[in-house]
$ cat target_4.cif   # mmCIF, C-alpha atoms
data_work
loop_
_atom_site.label_atom_id
_atom_site.label_comp_id
_atom_site.auth_asym_id
_atom_site.auth_seq_id
_atom_site.Cartn_x
_atom_site.Cartn_y
_atom_site.Cartn_z
CA MET A 291 122.63 156.27 66.75
CA ILE A 292 118.83 156.24 66.64
CA ARG A 293 117.35 159.37 68.13
CA SER A 294 113.99 159.48 66.36
CA LEU A 295 111.65 156.65 65.37
CA LEU A 296 108.73 157.71 63.16
CA TYR A 297 105.61 155.56 63.10
CA VAL A 298 104.02 155.21 59.65
CA PRO A 299 100.83 153.21 58.99
CA ALA A 300 101.83 150.26 56.82
CA SER A 301 98.49 150.50 55.01
CA GLU A 302 98.96 154.08 53.75
CA PRO A 303 101.12 154.29 50.59
CA ARG A 304 101.09 158.10 50.54
CA PHE A 305 102.69 158.25 54.00
CA ILE A 306 105.14 155.46 53.21
CA GLU A 307 106.31 157.19 50.03
CA LYS A 308 107.24 160.31 52.02
CA ALA A 309 108.65 158.58 55.09
CA HIS A 310 112.24 158.62 53.81
CA THR A 311 112.12 162.43 53.43
CA ARG A 312 111.20 163.14 57.07
CA GLY A 313 114.71 162.92 58.52
CA ALA A 314 113.94 160.19 61.05
CA ASP A 315 116.77 157.89 62.06
CA ALA A 316 114.31 154.97 62.01
CA VAL A 317 110.96 154.41 60.35
CA ILE A 318 108.47 152.07 62.01
CA LEU A 319 106.04 150.52 59.54
CA ASP A 320 103.07 149.86 61.79
CA LEU A 321 100.95 146.77 61.14
CA GLU A 322 99.27 146.97 64.53
CA ASP A 323 97.15 149.81 65.92
CA ALA A 324 97.43 152.08 62.88
CA VAL A 325 95.94 149.49 60.49
CA ALA A 326 92.29 148.46 60.39
CA PRO A 327 91.73 144.70 60.76
CA SER A 328 90.35 144.47 57.23
CA ARG A 329 93.57 145.93 55.79
CA LYS A 330 96.20 144.08 57.82
CA ALA A 331 96.78 141.26 55.32
CA ALA A 332 97.22 143.68 52.42
CA ALA A 333 99.60 145.86 54.44
CA ARG A 334 101.64 142.77 55.35
CA ASP A 335 101.77 141.64 51.72
CA ALA A 336 103.02 145.09 50.68
CA LEU A 337 105.96 145.12 53.11
CA ALA A 338 108.55 144.25 50.44
CA ASP A 339 107.80 147.52 48.65
CA SER A 340 107.14 149.49 51.84
CA VAL A 341 110.46 148.61 53.48
CA ALA A 342 112.38 149.49 50.33
CA GLN A 343 110.64 152.85 50.05
CA ALA A 344 111.03 153.79 53.71
CA SER A 345 114.76 153.01 53.70
CA ARG A 346 115.66 155.03 50.60
CA SER A 347 117.43 157.78 52.54
CA GLY A 348 119.26 155.39 54.83
CA ALA A 349 116.81 155.17 57.73
CA THR A 350 116.69 151.96 59.75
CA VAL A 351 113.34 150.29 59.11
CA TYR A 352 111.47 148.40 61.80
CA VAL A 353 108.05 146.77 61.55
CA ARG A 354 105.61 146.80 64.45
CA ILE A 355 103.92 143.44 64.25
CA ASN A 356 100.58 142.43 65.72
CA ALA A 357 100.38 140.83 69.15
CA GLU A 358 97.77 138.20 68.32
CA PRO A 359 99.34 134.71 68.04
CA GLU A 360 97.72 134.06 64.67
CA LEU A 361 99.26 137.24 63.21
CA ARG A 362 102.55 137.62 65.07
CA PHE A 363 104.70 135.21 63.08
CA LEU A 364 103.01 135.96 59.74
CA ASP A 365 103.93 139.62 60.25
CA ALA A 366 107.43 138.79 61.50
CA GLU A 367 108.24 136.51 58.57
CA ALA A 368 106.95 139.04 56.05
CA ALA A 369 109.07 141.77 57.66
CA CYS A 370 112.08 139.47 57.61
CA ARG A 371 111.66 138.63 53.93
CA ALA A 372 111.11 142.31 53.11
CA GLY A 373 114.50 143.21 54.60
CA ALA A 374 113.43 145.12 57.71
CA ALA A 375 116.20 145.53 60.27
CA GLY A 376 114.03 144.52 63.16
CA LEU A 377 110.67 144.23 64.84
CA LEU A 378 108.81 146.22 67.43
CA VAL A 379 107.12 143.49 69.44
CA PRO A 380 103.95 144.87 71.06
CA LYS A 381 102.53 143.66 74.34
CA THR A 382 105.68 141.68 75.11
CA GLY A 383 104.79 139.53 78.08
CA SER A 384 107.84 137.38 78.68
CA ALA A 385 111.31 136.47 77.53
CA ALA A 386 109.93 133.11 76.44
CA GLU A 387 107.67 134.76 73.87
CA LEU A 388 110.63 136.53 72.32
CA ALA A 389 112.74 133.37 72.35
CA GLU A 390 109.96 131.52 70.52
CA LEU A 391 109.70 134.28 67.93
CA ALA A 392 113.48 134.27 67.44
CA GLY A 393 113.45 130.48 67.03
CA ARG A 394 110.81 130.68 64.32
CA LEU A 395 112.74 133.37 62.46
CA ASP A 396 116.06 131.49 62.54
CA PRO A 397 115.35 129.17 59.57
CA VAL A 398 113.90 132.00 57.50
CA GLU A 399 117.02 134.10 58.04
CA ARG A 400 119.28 131.18 57.21
CA GLU A 401 117.32 130.60 54.01
CA LEU A 402 117.69 134.25 53.04
CA GLY A 403 121.29 134.54 54.21
CA ARG A 404 120.46 137.72 56.07
CA PRO A 405 121.47 138.99 59.55
CA ALA A 406 119.27 138.22 62.53
CA MET A 407 116.50 140.72 63.10
CA GLU A 408 116.64 143.01 66.12
CA PHE A 409 113.78 143.17 68.64
CA VAL A 410 112.53 146.29 70.36
CA ALA A 411 110.31 144.99 73.15
CA LEU A 412 107.24 147.12 73.86
CA ILE A 413 106.12 146.78 77.47
CA GLU A 414 102.42 147.56 77.83
CA ASP A 415 101.15 146.08 81.09
CA PRO A 416 102.30 146.05 84.73
CA ALA A 417 103.21 142.34 84.82
CA ALA A 418 105.63 142.78 81.92
CA LEU A 419 107.09 145.89 83.53
CA LEU A 420 107.86 143.93 86.68
CA ASP A 421 109.55 141.27 84.51
CA ALA A 422 111.47 143.80 82.44
CA ARG A 423 114.94 142.62 83.42
CA ALA A 424 114.18 139.09 82.27
CA ILE A 425 112.69 140.40 79.03
CA ALA A 426 115.77 142.55 78.48
CA ALA A 427 117.91 139.39 78.60
CA ALA A 428 115.90 137.65 75.87
CA PRO A 429 117.50 136.87 72.49
CA ARG A 430 117.88 139.72 69.99
CA VAL A 431 116.49 142.45 72.26
CA VAL A 432 118.32 145.71 71.60
CA ALA A 433 115.94 148.18 73.23
CA LEU A 434 112.95 148.56 75.53
CA ALA A 435 110.09 151.04 75.30
CA LEU A 436 106.86 151.57 77.21
CA GLY A 437 103.57 151.66 75.32
CA SER A 438 102.12 154.59 77.21
CA GLU A 439 98.49 154.46 76.15
CA ASP A 440 98.14 150.69 76.55
CA PHE A 441 100.00 150.75 79.86
CA ALA A 442 97.70 153.45 81.20
CA THR A 443 94.67 151.46 80.07
CA ALA A 444 96.02 148.28 81.67
CA THR A 445 96.56 150.05 84.99
CA GLY A 446 93.36 152.11 84.95
CA ALA A 447 95.39 155.31 84.82
CA VAL A 448 95.16 158.51 82.82
CA PRO A 449 98.34 158.83 80.67
CA THR A 450 99.68 162.04 82.19
CA PRO A 451 103.37 162.85 82.68
CA GLU A 452 102.89 162.16 86.39
CA THR A 453 101.42 158.67 85.97
CA LEU A 454 103.90 157.66 83.26
CA ARG A 455 107.05 158.92 84.92
CA LEU A 456 107.67 156.02 87.31
CA PRO A 457 106.96 153.12 84.90
CA LYS A 458 109.03 154.75 82.16
CA LEU A 459 111.96 155.27 84.50
CA LEU A 460 111.74 151.72 85.85
CA LEU A 461 111.80 150.36 82.30
CA HIS A 462 114.63 152.72 81.39
CA TYR A 463 116.72 151.43 84.29
CA ALA A 464 115.99 147.83 83.30
CA ALA A 465 117.22 148.58 79.79
CA LYS A 466 120.37 150.28 81.00
CA ALA A 467 121.10 147.50 83.50
CA ALA A 468 121.17 145.13 80.52
CA GLY A 469 123.23 147.45 78.33
CA LEU A 470 120.30 148.09 75.97
CA ARG A 471 118.94 151.20 74.32
CA SER A 472 115.99 152.90 76.00
CA TYR A 473 113.38 154.80 74.01
CA GLY A 474 110.74 157.15 75.30
CA LEU A 475 109.69 160.45 76.76
CA LEU A 476 108.43 160.86 80.30
CA ARG A 477 104.96 161.58 78.92
CA SER A 478 102.64 160.24 76.24
CA VAL A 479 103.52 161.13 72.64
CA ALA A 480 99.85 161.24 71.58
CA ASP A 481 99.57 165.05 71.74
CA TYR A 482 102.26 165.87 69.18
CA ARG A 483 100.91 169.39 68.63
CA ASP A 484 102.19 170.66 71.98
CA VAL A 485 105.63 171.52 70.59
CA GLU A 486 106.87 173.35 73.67
CA ALA A 487 105.99 170.46 75.99
CA MET A 488 107.37 167.91 73.54
CA THR A 489 110.69 169.78 73.30
CA ALA A 490 110.99 170.11 77.07
CA SER A 491 110.13 166.44 77.54
CA ALA A 492 112.70 165.29 74.97
CA ARG A 493 115.42 167.32 76.66
CA GLU A 494 114.38 165.92 80.03
CA ALA A 495 114.47 162.34 78.71
CA ARG A 496 117.97 162.83 77.34
CA ALA A 497 119.09 164.21 80.70
CA PHE A 498 117.87 160.96 82.27
CA GLY A 499 119.85 158.94 79.74
CA PHE A 500 117.17 157.87 77.25
CA ASP A 501 118.62 157.29 73.79
CA GLY A 502 115.71 158.56 71.69
CA ALA A 503 111.96 158.39 71.31
CA SER A 504 109.23 157.46 68.87
CA CYS A 505 106.71 159.83 67.37
CA ILE A 506 103.53 159.63 65.32
CA HIS A 507 103.93 162.87 63.35
CA PRO A 508 106.88 164.00 61.21
CA ALA A 509 106.80 167.46 62.79
CA VAL A 510 108.26 165.92 65.95
CA VAL A 511 111.25 164.31 64.19
CA PRO A 512 113.50 167.40 64.19
CA ILE A 513 112.63 168.03 67.85
CA LEU A 514 113.83 164.55 68.78
CA ASN A 515 116.91 164.68 66.56
CA GLN A 516 118.04 167.91 68.15
CA ALA A 517 117.15 167.04 71.74
CA PHE A 518 118.84 163.62 71.76
CA ALA A 519 122.05 164.78 70.09
CA PRO A 520 124.83 166.53 72.01
CA THR A 521 125.26 170.22 71.32
CA GLU A 522 128.48 171.65 69.92
CA GLU A 523 129.19 173.10 73.36
CA GLU A 524 128.79 169.69 74.98
CA LEU A 525 131.06 168.06 72.41
CA ALA A 526 133.68 170.77 72.91
CA TRP A 527 133.54 170.20 76.66
CA ALA A 528 133.83 166.42 76.19
CA ARG A 529 136.91 166.81 73.99
CA LYS A 530 138.49 169.12 76.53
CA VAL A 531 137.80 166.64 79.34
CA VAL A 532 139.32 163.72 77.42
CA GLU A 533 142.37 165.76 76.47
CA ALA A 534 142.80 166.93 80.06
CA ASP A 535 142.49 163.34 81.27
CA ALA A 536 145.30 162.23 78.96
CA ALA A 537 147.52 164.92 80.45
CA ALA A 538 146.43 164.03 84.00
CA GLN A 539 147.25 160.37 83.43
CA ARG A 540 150.76 161.32 82.37
CA ASP A 541 151.08 163.37 85.56
CA GLY A 542 149.60 160.63 87.76
CA LYS A 543 146.47 162.60 88.69
CA GLY A 544 143.12 160.90 89.26
CA ALA A 545 141.02 164.02 89.77
CA TYR A 546 141.49 167.58 88.57
CA LEU A 547 139.70 170.73 87.42
CA VAL A 548 138.69 171.62 83.88
CA ASP A 549 137.52 175.21 83.50
CA GLY A 550 136.90 175.30 87.23
CA ARG A 551 134.78 172.12 87.26
CA PHE A 552 135.75 168.97 89.14
CA VAL A 553 136.55 166.02 86.88
CA ASP A 554 137.17 162.40 87.81
CA ALA A 555 136.73 158.96 86.22
CA PRO A 556 132.90 158.95 85.84
CA VAL A 557 132.97 162.37 84.18
CA VAL A 558 135.67 161.22 81.77
CA GLU A 559 133.70 158.10 80.91
CA ARG A 560 130.59 160.18 80.11
CA ALA A 561 132.70 162.41 77.89
CA ARG A 562 134.14 159.42 76.04
CA ARG A 563 130.70 157.92 75.53
CA MET A 564 129.35 161.19 74.21
CA LEU A 565 132.14 161.49 71.67
CA ALA A 566 131.83 157.85 70.64
CA ALA A 567 128.05 158.14 70.15
CA SER A 568 128.49 161.26 68.04
CA GLY A 569 131.12 159.62 65.87
CA GLY A 570 133.84 161.87 67.21
CA SER A 571 137.39 160.85 67.95
CA PHE A 572 139.05 160.96 71.35
CA LEU A 573 142.45 160.27 72.80
#
$ encode --input "target_4.cif" --output "structure tokens"
Amino acid sequence: MIRSLLYVPASEPRFIEKAHTRGADAVILDLEDAVAPSRKAAARDALADSVAQASRSGATVYVRINAEPELRFLDAEAACRAGAAGLLVPKTGSAAELAELAGRLDPVERELGRPAMEFVALIEDPAALLDARAIAAAPRVVALALGSEDFATATGAVPTPETLRLPKLLLHYAAKAAGLRSYGLLRSVADYRDVEAMTASAREARAFGFDGASCIHPAVVPILNQAFAPTEEELAWARKVVEADAAAQRDGKGAYLVDGRFVDAPVVERARRMLAASGGSFL
């Protein structure tokens, strides 16, 4: 279960060394926007050490590659050889682009005898958003996320919660229609210092069904971890629902009350999913 994804510049050893202590479920070593053009090659060459350092406490490590054709596969191959679990693919424009990238990685993975890398597709322009369902069906894609700042720039918008809400929800529904994970808050994550707004937004995103979100500052990690995890009260309710359903099935009931609240099949399914995602057991 990945609730928090922490971006770390792949060119900054002092941040990379501390990344594994931040409590993030996933660390994103960023070769793209966070790295100056003059330092990209060195950051790529250092991935073998960077991935190993970032994963020391068990975090999943992704690498955000560059979008430019001359850099995309160089970055992807280096991340693959370094042992990263997957790639964040910026400015994803089509399923064909992802299929081509997967095809170029196949022989490298076979050579290394390692599992196929996962892709998190970053959608950053309106054309890609409108093609999101096709992109979601591309090989290796496990999650979708909207690049808020780039999307706002591409559409001539200001990245406010109001302007980002619709595109983020549309992308979220495309992800869920394909059975994928969906990452994001219904606002930009650029202003990480507004803790109250960030907390409220994370709780709102979870209520909509988002699985987690990325952040650019470690102070946000505990906010995301807490907001995207079920509370003890929610888990207790889920266990009670599943137990009541087992009894109802024995009695031939399809709908019933639990603590005065109406319960039927969709409610039971949500309870089962909650327990499964939290690692809990159910009947």
$ closest_residue --input "target_4.cif" --among "A:Met291, A:Ile318, A:Ala374, A:Ala526" --to "Cys505 in chain A" --atoms "all atoms listed in the file"
A:Ile318
$ residues_around --input "target_4.cif" --residues "range 400-412 of chain A" --least-positions-apart "5" --cutoff "10 Å" --atoms "all atoms listed in the file" --output "number ranges by chain"
A: 352-354, 366, 369-371, 373-385, 388, 391-392, 395, 418-419, 422, 425-426, 428-438, 470-473
$ closest_residue --input "target_4.cif" --among "A:Thr453, A:Gln539, A:Thr489, A:Thr443" --to "Val511 in chain A" --atoms "only C-alpha atoms"
A:Thr489
$ residues_near_point --input "target_4.cif" --point "(133.6, 168.3, 78.0)" --cutoff "9 Å" --atoms "all atoms listed in the file" --output "count of residues only"
15
$ resolve_selection --input "target_4.cif" --expression "the PyMOL selection byres ((chain A and resi 303) around 12)" --output "VMD selection string"
chain A and resid 298 to 302 304 to 309 319 332 to 333 336 to 337 339 to 341 343 to 344
$ resolve_selection --input "target_4.cif" --expression "the PyMOL selection byres ((chain A and resi 515) around 9)" --output "JSON, numbers by chain"
{"A": [292, 293, 294, 313, 314, 315, 502, 510, 511, 512, 513, 514, 516, 517, 518, 519]}
$ write_last_selection --input "target_4.cif" --atoms "C-alpha atoms" --output "compact mmCIF listing (two decimals), keeping the file's coordinate frame"
# COMPACT_ATOMS: atom_id res chain seq x y z
CA ILE A 292 118.83 156.24 66.64
CA ARG A 293 117.35 159.37 68.13
CA SER A 294 113.99 159.48 66.36
CA GLY A 313 114.71 162.92 58.52
CA ALA A 314 113.94 160.19 61.05
CA ASP A 315 116.77 157.89 62.06
CA GLY A 502 115.71 158.56 71.69
CA VAL A 510 108.26 165.92 65.95
CA VAL A 511 111.25 164.31 64.19
CA PRO A 512 113.50 167.40 64.19
CA ILE A 513 112.63 168.03 67.85
CA LEU A 514 113.83 164.55 68.78
CA GLN A 516 118.04 167.91 68.15
CA ALA A 517 117.15 167.04 71.74
CA PHE A 518 118.84 163.62 71.76
CA ALA A 519 122.05 164.78 70.09
$ resolve_selection --input "target_4.cif" --expression "the PyMOL selection byres ((chain A and resi 481) around 12)" --output "ChimeraX atom specification"
/A:439,449-451,477-480,482-488,505-507,509-510
$ axis_aligned_box --input "target_4.cif" --around "range 471-482 of chain A" --padding-each-side "6 Å" --output "lines of an AutoDock Vina configuration file"
center_x = 109.3
center_y = 158.5
center_z = 74.7
size_x = 31.4
size_y = 26.7
size_z = 23.1
$ atom_distance --input "target_4.cif" --atom1 "CA of Ala316 in chain A" --atom2 "CA of Tyr297 in chain A"
8.8 Å
$ atom_distance --input "target_4.cif" --atom1 "CA of Pro359 in chain A" --atom2 "CA of Arg423 in chain A"
23.3 Å
$ atom_distance --input "target_4.cif" --atom1 "CA of Asp554 in chain A" --atom2 "CA of Ala492 in chain A"
27.8 Å
